[in-house]
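One file, data33.txt, carrying compact mmCIF, C-alpha atoms:
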# COMPACT_ATOMS: atom_id res chain seq x y z
CA MET A 24 -33.74 40.55 7.29
CA GLU A 25 -36.67 40.34 9.71
CA HIS A 26 -35.10 42.87 12.03
CA THR A 27 -33.88 45.40 9.52
CA ASP A 28 -37.05 45.48 7.39
CA PHE A 29 -39.72 47.31 9.31
CA PHE A 30 -42.40 49.88 8.67
CA GLU A 31 -43.96 52.50 10.87
CA ILE A 32 -47.57 53.42 11.48
CA GLY A 33 -48.61 55.97 14.06
CA GLY A 34 -45.10 56.03 15.49
CA LYS A 35 -45.06 52.27 16.04
CA ARG A 36 -42.37 50.19 14.39
CA LEU A 37 -43.78 46.95 13.00
CA THR A 38 -41.68 44.03 11.84
CA SER A 39 -44.60 41.72 10.95
CA ARG A 40 -46.53 42.72 7.87
CA LEU A 41 -49.51 40.51 8.64
CA PHE A 42 -52.44 42.08 10.48
CA THR A 43 -55.01 39.65 11.85
CA GLY A 44 -58.57 39.84 13.14
CA THR A 45 -60.67 38.33 15.92
CA GLY A 46 -63.93 37.66 14.08
CA LYS A 47 -65.50 34.31 13.13
CA TYR A 48 -63.37 32.01 15.27
CA GLY A 49 -65.06 28.79 16.27
CA SER A 50 -63.49 29.38 19.67
CA ASP A 51 -61.91 32.69 20.73
CA SER A 52 -59.39 30.70 22.73
CA LEU A 53 -57.55 30.08 19.40
CA ILE A 54 -56.75 33.77 19.02
CA SER A 55 -53.67 33.88 21.23
CA SER A 56 -52.19 30.82 19.49
CA VAL A 57 -52.83 32.41 16.09
CA CYS A 58 -51.08 35.60 17.24
CA GLU A 59 -48.10 33.47 18.13
CA SER A 60 -48.04 31.22 15.04
CA SER A 61 -48.60 34.08 12.58
CA GLY A 62 -46.20 36.52 14.21
CA SER A 63 -48.81 39.25 13.76
CA GLN A 64 -48.40 42.40 15.86
CA VAL A 65 -51.66 44.18 15.00
CA ILE A 66 -55.15 42.76 15.55
CA THR A 67 -58.62 44.09 14.89
CA VAL A 68 -61.67 44.05 17.17
CA ALA A 69 -65.21 45.45 16.87
CA LEU A 70 -67.29 47.38 19.41
CA ARG A 71 -70.80 46.22 20.26
CA ARG A 72 -73.52 46.65 22.87
CA VAL A 73 -73.05 44.38 25.85
CA ASP A 74 -75.55 41.52 25.76
CA LEU A 75 -77.56 42.02 28.96
CA ASP A 76 -79.00 38.51 28.88
CA LYS A 77 -75.83 36.48 29.03
CA SER A 78 -72.37 37.09 30.37
CA ALA A 79 -70.22 36.47 27.32
CA ASP A 80 -66.54 35.61 27.30
CA ASN A 81 -64.60 38.81 26.59
CA VAL A 82 -62.43 38.68 23.48
CA MET A 83 -59.79 40.88 25.14
CA ARG A 84 -58.90 37.99 27.42
CA HIS A 85 -57.45 36.15 24.43
CA ILE A 86 -55.38 38.97 22.90
CA PRO A 87 -51.73 38.93 24.01
CA ALA A 88 -50.59 42.15 25.72
CA HIS A 89 -47.92 42.95 23.11
CA MET A 90 -50.46 43.24 20.27
CA THR A 91 -51.44 46.65 18.94
CA LEU A 92 -55.21 46.86 18.98
CA LEU A 93 -56.95 48.11 15.86
CA PRO A 94 -60.65 48.59 16.69
CA ASN A 95 -62.91 48.96 13.66
CA THR A 96 -66.02 51.07 13.21
CA SER A 97 -68.07 48.24 11.73
CA GLY A 98 -71.76 48.94 11.99
CA ALA A 99 -71.27 52.61 11.03
CA ARG A 100 -73.32 53.73 8.04
CA THR A 101 -72.28 57.39 8.15
CA ALA A 102 -69.18 59.39 9.05
CA GLY A 103 -70.93 60.58 12.21
CA GLU A 104 -71.56 57.03 13.39
CA ALA A 105 -67.96 56.05 12.66
CA VAL A 106 -66.71 59.01 14.70
CA ARG A 107 -68.98 58.05 17.61
CA ILE A 108 -67.74 54.44 17.58
CA ALA A 109 -64.10 55.57 17.30
CA ARG A 110 -64.40 57.84 20.33
CA LEU A 111 -66.02 55.06 22.35
CA ALA A 112 -63.28 52.64 21.29
CA ARG A 113 -60.60 55.07 22.40
CA ALA A 114 -62.37 55.52 25.74
CA MET A 115 -61.74 51.83 26.32
CA GLY A 116 -58.13 52.81 26.98
CA CYS A 117 -56.47 50.50 24.47
CA GLY A 118 -54.77 53.07 22.28
CA ASN A 119 -55.79 55.48 19.54
CA TRP A 120 -55.68 53.35 16.39
CA ILE A 121 -58.91 53.07 14.44
CA LYS A 122 -59.90 51.21 11.30
CA ILE A 123 -62.61 53.25 9.63
CA GLU A 124 -65.36 51.17 8.08
CA VAL A 125 -68.36 53.05 6.79
CA ILE A 126 -70.73 50.72 5.00
CA SER A 127 -74.35 51.04 4.02
CA ASP A 128 -74.38 48.43 1.29
CA ASN A 129 -75.40 45.19 2.98
CA ARG A 130 -74.97 42.88 0.02
CA TYR A 131 -71.31 43.43 -0.82
CA LEU A 132 -70.29 45.44 2.26
CA LEU A 133 -68.46 47.93 0.07
CA PRO A 134 -67.08 51.01 1.82
CA ASP A 135 -68.61 54.45 1.23
CA GLY A 136 -65.68 56.56 0.03
CA TYR A 137 -67.23 59.95 0.72
CA GLU A 138 -68.28 59.16 4.30
CA THR A 139 -64.95 57.41 4.93
CA VAL A 140 -63.00 60.53 3.93
CA ARG A 141 -65.17 62.71 6.20
CA ALA A 142 -64.69 60.40 9.18
CA THR A 143 -60.94 60.18 8.52
CA GLU A 144 -60.61 63.96 8.50
CA ILE A 145 -62.46 64.40 11.81
CA LEU A 146 -60.66 61.59 13.62
CA ALA A 147 -57.17 62.42 12.35
CA LYS A 148 -57.65 65.95 13.73
CA GLU A 149 -58.60 64.42 17.09
CA GLY A 150 -55.29 62.58 17.19
CA PHE A 151 -56.40 59.13 16.09
CA VAL A 152 -54.14 56.92 13.99
CA VAL A 153 -56.62 56.39 11.18
CA LEU A 154 -56.54 53.37 8.85
CA PRO A 155 -59.50 53.58 6.48
CA TYR A 156 -60.96 50.56 4.68
CA MET A 157 -61.57 51.68 1.12
CA ASN A 158 -62.28 50.78 -2.46
CA PRO A 159 -58.97 50.91 -4.37
CA ASP A 160 -59.72 54.21 -6.09
CA LEU A 161 -56.85 56.65 -6.64
CA TYR A 162 -58.90 59.79 -6.03
CA VAL A 163 -60.36 58.45 -2.79
CA ALA A 164 -56.84 57.39 -1.75
CA ARG A 165 -55.53 60.91 -2.33
CA ALA A 166 -58.46 62.42 -0.42
CA LEU A 167 -57.75 60.04 2.48
CA ALA A 168 -54.07 61.03 2.46
CA ASP A 169 -55.05 64.71 2.54
CA ALA A 170 -57.50 63.96 5.36
CA GLY A 171 -54.66 62.58 7.50
CA ALA A 172 -54.87 58.79 7.11
CA ALA A 173 -51.86 56.92 8.52
CA ALA A 174 -52.23 54.13 5.94
CA ILE A 175 -54.94 53.06 3.54
CA MET A 176 -56.58 49.68 3.35
CA PRO A 177 -57.95 48.81 -0.09
CA LEU A 178 -60.07 45.70 -0.48
CA GLY A 179 -58.90 42.74 -2.59
CA ALA A 180 -62.45 41.38 -2.82
CA PRO A 181 -65.62 41.86 -0.72
CA ILE A 182 -65.26 41.13 3.01
CA GLY A 183 -65.24 37.48 3.97
CA THR A 184 -65.37 36.13 0.42
CA ASN A 185 -61.88 34.54 0.28
CA ARG A 186 -61.84 35.37 -3.45
CA GLY A 187 -58.38 36.90 -3.61
CA LEU A 188 -57.00 39.99 -5.33
CA LYS A 189 -59.87 40.76 -7.67
CA THR A 190 -58.86 44.43 -7.59
CA GLU A 191 -55.21 43.71 -8.37
CA GLU A 192 -54.67 46.34 -11.06
CA MET A 193 -56.25 49.11 -9.00
CA ILE A 194 -54.18 48.16 -5.95
CA ARG A 195 -51.06 48.17 -8.11
CA ILE A 196 -51.81 51.77 -9.08
CA LEU A 197 -52.26 52.80 -5.44
CA ILE A 198 -48.93 51.21 -4.52
CA GLU A 199 -47.25 53.05 -7.36
CA GLU A 200 -48.85 56.43 -6.80
CA MET A 201 -49.30 56.74 -3.04
CA ASP A 202 -46.63 57.44 -0.42
CA LEU A 203 -48.79 56.03 2.39
CA PRO A 204 -48.48 52.36 3.36
CA ILE A 205 -50.99 50.25 1.42
CA ILE A 206 -52.44 47.45 3.55
CA VAL A 207 -54.55 45.05 1.51
CA ASP A 208 -57.64 44.27 3.55
CA ALA A 209 -60.57 41.97 2.82
CA GLY A 210 -61.00 39.15 0.38
CA ILE A 211 -57.61 37.47 0.72
CA GLY A 212 -58.40 33.77 0.91
CA THR A 213 -55.09 31.93 0.69
CA PRO A 214 -51.44 32.54 1.64
CA SER A 215 -50.46 32.64 -2.06
CA GLN A 216 -52.80 35.62 -2.57
CA ALA A 217 -51.28 37.44 0.40
CA CYS A 218 -47.84 36.64 -0.96
CA GLN A 219 -48.86 38.07 -4.33
CA ALA A 220 -50.01 41.33 -2.72
CA MET A 221 -46.66 41.62 -0.96
CA GLU A 222 -44.72 40.84 -4.14
CA MET A 223 -46.60 43.75 -5.72
CA GLY A 224 -45.23 46.05 -3.04
CA ALA A 225 -48.06 46.23 -0.54
CA ALA A 226 -46.85 47.31 2.91
CA ALA A 227 -48.94 44.66 4.69
CA CYS A 228 -52.05 42.46 4.49
CA LEU A 229 -54.96 42.15 6.91
CA VAL A 230 -56.36 38.62 7.04
CA ASN A 231 -59.21 37.53 9.28
CA THR A 232 -61.75 35.20 7.65
CA ALA A 233 -59.20 33.04 5.80
CA ILE A 234 -57.41 32.26 9.06
CA ALA A 235 -60.37 32.12 11.43
CA THR A 236 -62.47 29.81 9.25
CA ALA A 237 -59.66 27.44 8.26
CA SER A 238 -59.93 23.90 9.62
CA ASP A 239 -56.74 24.60 11.57
CA PRO A 240 -56.55 28.37 12.19
CA VAL A 241 -53.24 28.16 14.06
CA LEU A 242 -51.52 26.39 11.16
CA MET A 243 -53.15 28.71 8.63
CA GLY A 244 -51.95 31.70 10.65
CA ARG A 245 -48.41 30.40 10.41
CA ALA A 246 -48.80 29.82 6.65
CA PHE A 247 -50.01 33.41 6.17
CA GLY A 248 -47.17 34.78 8.30
CA ARG A 249 -44.63 32.96 6.14
CA ALA A 250 -46.34 33.88 2.86
CA VAL A 251 -46.41 37.57 3.73
CA ALA A 252 -42.75 37.49 4.77
CA ALA A 253 -41.81 35.60 1.57
CA GLY A 254 -43.69 38.06 -0.64
CA ARG A 255 -42.03 40.97 1.11
CA GLU A 256 -38.57 39.49 0.58
CA ALA A 257 -39.39 38.89 -3.09
CA TRP A 258 -40.40 42.55 -3.46
CA LEU A 259 -37.19 43.69 -1.77
CA ALA A 260 -35.13 41.28 -3.89
CA GLY A 261 -36.57 42.68 -7.13
CA PRO A 262 -37.99 40.00 -9.45
CA GLY A 263 -36.20 39.32 -12.74
CA ALA A 264 -37.59 40.35 -16.13
CA VAL A 265 -40.54 38.55 -17.75
CA ALA A 266 -40.05 37.34 -21.37
CA THR A 267 -42.29 35.69 -23.98
CA LEU A 268 -39.66 33.45 -25.62
CA ALA A 269 -37.46 31.01 -23.76
CA GLN A 270 -34.20 32.35 -22.38
CA ALA A 271 -31.82 29.43 -21.76
CA SER A 272 -30.49 29.17 -18.27
CA SER A 273 -27.57 26.96 -19.39
CA PRO A 274 -24.87 27.91 -21.93
CA LEU A 275 -25.87 27.18 -25.55
CA THR A 276 -22.33 26.36 -26.70
CA GLY A 277 -19.76 23.68 -25.98
CA PHE A 278 -22.08 20.66 -26.34
CA LEU A 279 -20.55 17.17 -26.75
CA ASP A 280 -19.93 16.46 -30.46
CA ASP A 281 -20.34 20.19 -31.16
CA PRO A 282 -18.90 20.60 -34.74
CA GLY A 283 -17.63 24.07 -33.84
CA ALA A 284 -15.74 22.86 -30.80
CA ALA A 285 -11.95 23.21 -30.78
CA SER A 286 -10.11 19.98 -31.52
CA MET B 137 -86.87 54.46 38.97
CA HIS B 138 -86.60 53.71 35.25
CA ILE B 139 -83.54 54.08 33.09
CA THR B 140 -82.84 52.74 29.61
CA VAL B 141 -79.83 50.48 29.11
CA ASN B 142 -78.91 49.44 25.58
CA GLY B 143 -82.42 50.30 24.45
CA ARG B 144 -84.13 48.30 27.18
CA ALA B 145 -86.12 49.74 30.12
CA LEU B 146 -84.60 48.84 33.47
CA GLU B 147 -85.86 49.44 37.00
CA ILE B 148 -83.09 50.37 39.44
CA GLU B 149 -82.93 51.78 42.97
CA PRO B 150 -82.23 55.51 43.23
CA GLY B 151 -78.74 56.49 44.43
CA ARG B 152 -76.84 53.85 42.52
CA THR B 153 -73.76 54.73 40.54
CA LEU B 154 -72.79 53.60 37.09
CA ASN B 155 -70.14 51.38 38.65
CA ASP B 156 -72.75 49.75 40.94
CA LEU B 157 -74.95 49.00 37.95
CA ILE B 158 -72.13 47.52 35.87
CA ILE B 159 -71.05 45.24 38.71
CA SER B 160 -74.64 44.20 39.42
CA MET B 161 -74.80 43.03 35.81
CA ASN B 162 -71.78 40.77 36.40
CA LEU B 163 -69.70 42.86 34.02
CA ASP B 164 -66.03 43.75 34.49
CA PRO B 165 -65.88 47.58 34.51
CA SER B 166 -62.40 47.49 32.97
CA VAL B 167 -63.68 45.98 29.71
CA VAL B 168 -66.81 48.12 29.35
CA VAL B 169 -67.20 51.56 27.84
CA ALA B 170 -70.23 53.69 28.68
CA GLU B 171 -72.15 56.44 26.95
CA LEU B 172 -74.62 58.21 29.26
CA ASN B 173 -77.14 60.47 27.56
CA HIS B 174 -74.84 60.54 24.51
CA ASP B 175 -71.73 61.56 26.48
CA ILE B 176 -68.85 59.15 26.91
CA VAL B 177 -68.08 58.38 30.56
CA PRO B 178 -64.42 57.44 31.11
CA GLY B 179 -63.89 54.30 33.15
CA GLU B 180 -62.28 56.20 36.02
CA LYS B 181 -65.51 58.15 36.48
CA PHE B 182 -67.88 55.15 36.66
CA ALA B 183 -67.86 55.22 40.48
CA ALA B 184 -68.51 58.97 40.65
CA THR B 185 -71.33 58.94 38.11
CA GLY B 186 -74.81 58.83 39.61
CA LEU B 187 -77.78 57.48 37.67
CA TYR B 188 -81.07 59.34 37.44
CA ALA B 189 -84.57 58.55 36.25
CA GLY B 190 -84.85 58.72 32.49
CA ASP B 191 -81.14 58.24 31.86
CA GLN B 192 -80.22 56.71 28.53
CA LEU B 193 -77.22 54.45 28.97
CA GLU B 194 -75.22 52.50 26.40
CA LEU B 195 -72.79 49.85 27.59
CA LEU B 196 -70.39 48.47 25.01
CA SER B 197 -67.40 46.16 24.90
CA PHE B 198 -64.96 44.84 22.34
CA VAL B 199 -66.02 41.71 20.47
CA GLY B 200 -64.46 39.67 17.68
CA GLY B 201 -64.25 41.52 14.37
CA GLY B 202 -62.15 41.96 11.27
Take the structure in this file and express it as structure tokens.
Amino acid sequence: MEHTDFFEIGGKRLTSRLFTGTGKYGSDSLISSVCESSGSQVITVALRRVDLDKSADNVMRHIPAHMTLLPNTSGARTAGEAVRIARLARAMGCGNWIKIEVISDNRYLLPDGYETVRATEILAKEGFVVLPYMNPDLYVARALADAGAAAIMPLGAPIGTNRGLKTEEMIRILIEEMDLPIIVDAGIGTPSQACQAMEMGAAACLVNTAIATASDPVLMGRAFGRAVAAGREAWLAGPGAVATLAQASSPLTGFLDDPGAAS
Amino acid sequence: MHITVNGRALEIEPGRTLNDLIISMNLDPSVVVAELNHDIVPGEKFAATGLYAGDQLELLSFVGGG
């Protein structure tokens, strides 16, 4: 199953449907172990000014070589800023994938749909593999598809909240209506919530905070890897019908002392 | 001469290259990306890029993020 069920983004064949992040770890040295325990093949990073006052440990040292790097444009408030960050990230020489994040709302960190579409259009034309973080809105999703997005990443709940799939019904509509892979990003707090997204037919989940801030991130990474795989298999298996009244699982005839039984 | 690095004024000797500056800051050039006067400088050109008075330089690297 693991080897026959894959999906493709930007020409890369992925067998793990769990994307992970590198933010908020108590110690970055946990990152390589989480990559291993979770089975993740795609990992996000951010781009920031070098701190001139202290020589910091570089996060890249902890990311295994086989991982596909997905830099984000966090910090961008406009399409223009996202494009600038994306070009700088590509100049780092670690591939051409980019997670577009354009956010000017500091309270809920909600993505700006209009600016996100503009940035996606520019960067897709420049040959980037563009994965935009977005509100699960069907019209924005269609505009992102037209703009050349490789996948779309709707939020389950605001970034870092661990609140789960608060946008479930809207994500369900995107899964039903869009041909692009839907990768649920942000807000997933527990493996059961990631599993639920996969059972709904999501292509993948991106989980950072819930793993990085767990008491044992390596174990939580493994739990998320298994939950995502289980949810995917459930989706492929096709769940049975839901009913209101009980439907007996055992035969309702042939009981002991059944008056109708043959003598 | 004065240049500006990540928004901060810095005094450097004339004739130094971008690569010299990065190494003098104890940074690994392979994990740094540079934007000089708003143009991206590819890593392979760090050693051939001279710095001049008034230059505006941004040095960035990947950090943890989601």
Distance cut-off 7 Å, counting all atoms listed in the file - which residues of chain A neighbour chain B? Return them as a list in words. Gly44, Thr45, Gly46, Thr67, Val68, Ala69, Leu70, Arg71, Arg72, Val73, Asn81, Val82, Leu111, Ala114, Met115 and Asn231 of chain A
How would the residues just picked look written out with C-alpha atoms as a CSV table (one decimal), in the frame of the given file?
chain,number,residue,atom,x,y,z
A,44,GLY,CA,-58.6,39.8,13.1
A,45,THR,CA,-60.7,38.3,15.9
A,46,GLY,CA,-63.9,37.7,14.1
A,67,THR,CA,-58.6,44.1,14.9
A,68,VAL,CA,-61.7,44.0,17.2
A,69,ALA,CA,-65.2,45.4,16.9
A,70,LEU,CA,-67.3,47.4,19.4
A,71,ARG,CA,-70.8,46.2,20.3
A,72,ARG,CA,-73.5,46.6,22.9
A,73,VAL,CA,-73.0,44.4,25.8
A,81,ASN,CA,-64.6,38.8,26.6
A,82,VAL,CA,-62.4,38.7,23.5
A,111,LEU,CA,-66.0,55.1,22.4
A,114,ALA,CA,-62.4,55.5,25.7
A,115,MET,CA,-61.7,51.8,26.3
A,231,ASN,CA,-59.2,37.5,9.3
Identify which of the residues A:Ala164, A:Ala237, A:Ala112, A:Leu229 lies closest to A:Gly136, counting all atoms listed in the file when measuring atom-to-atom distances.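 Going through A:Ala164, A:Ala237, A:Ala112, A:Leu229 one by one, the smallest distance to A:Gly136 is for A:Ala164.
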Could you list, as a ChimeraX atom specification, every residue within 12 Å of A:Lys35, counting only C-alpha atoms and ignoring same-chain residues fewer than 5 positions away? /A:29-30,64-65,90-92,118-120,152,173
For the residues selected in the previous step, produce a file with C-alpha atoms as an mmCIF file, keeping the file's coordinate frame.
data_model
loop_
_atom_site.group_PDB
_atom_site.id
_atom_site.type_symbol
_atom_site.label_atom_id
_atom_site.label_comp_id
_atom_site.auth_asym_id
_atom_site.auth_seq_id
_atom_site.Cartn_x
_atom_site.Cartn_y
_atom_site.Cartn_z
ATOM 1 C CA PHE A 29 -39.720 47.310 9.310
ATOM 2 C CA PHE A 30 -42.400 49.880 8.670
ATOM 3 C CA GLN A 64 -48.400 42.400 15.860
ATOM 4 C CA VAL A 65 -51.660 44.180 15.000
ATOM 5 C CA MET A 90 -50.460 43.240 20.270
ATOM 6 C CA THR A 91 -51.440 46.650 18.940
ATOM 7 C CA LEU A 92 -55.210 46.860 18.980
ATOM 8 C CA GLY A 118 -54.770 53.070 22.280
ATOM 9 C CA ASN A 119 -55.790 55.480 19.540
ATOM 10 C CA TRP A 120 -55.680 53.350 16.390
ATOM 11 C CA VAL A 152 -54.140 56.920 13.990
ATOM 12 C CA ALA A 173 -51.860 56.920 8.520
#
Separation of atom CA of B:Gly186 from atom CA of A:Met83, in Å and rounded to one decimal: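 Atom CA of B:Gly186 sits 27.5 Å away from atom CA of A:Met83.
For the residues B:Glu180, B:Leu172, B:Gln192, B:Met137, ranking by smallest atom-to-atom distance to B:Gly151 using all atoms listed in the file places B:Met137 first.
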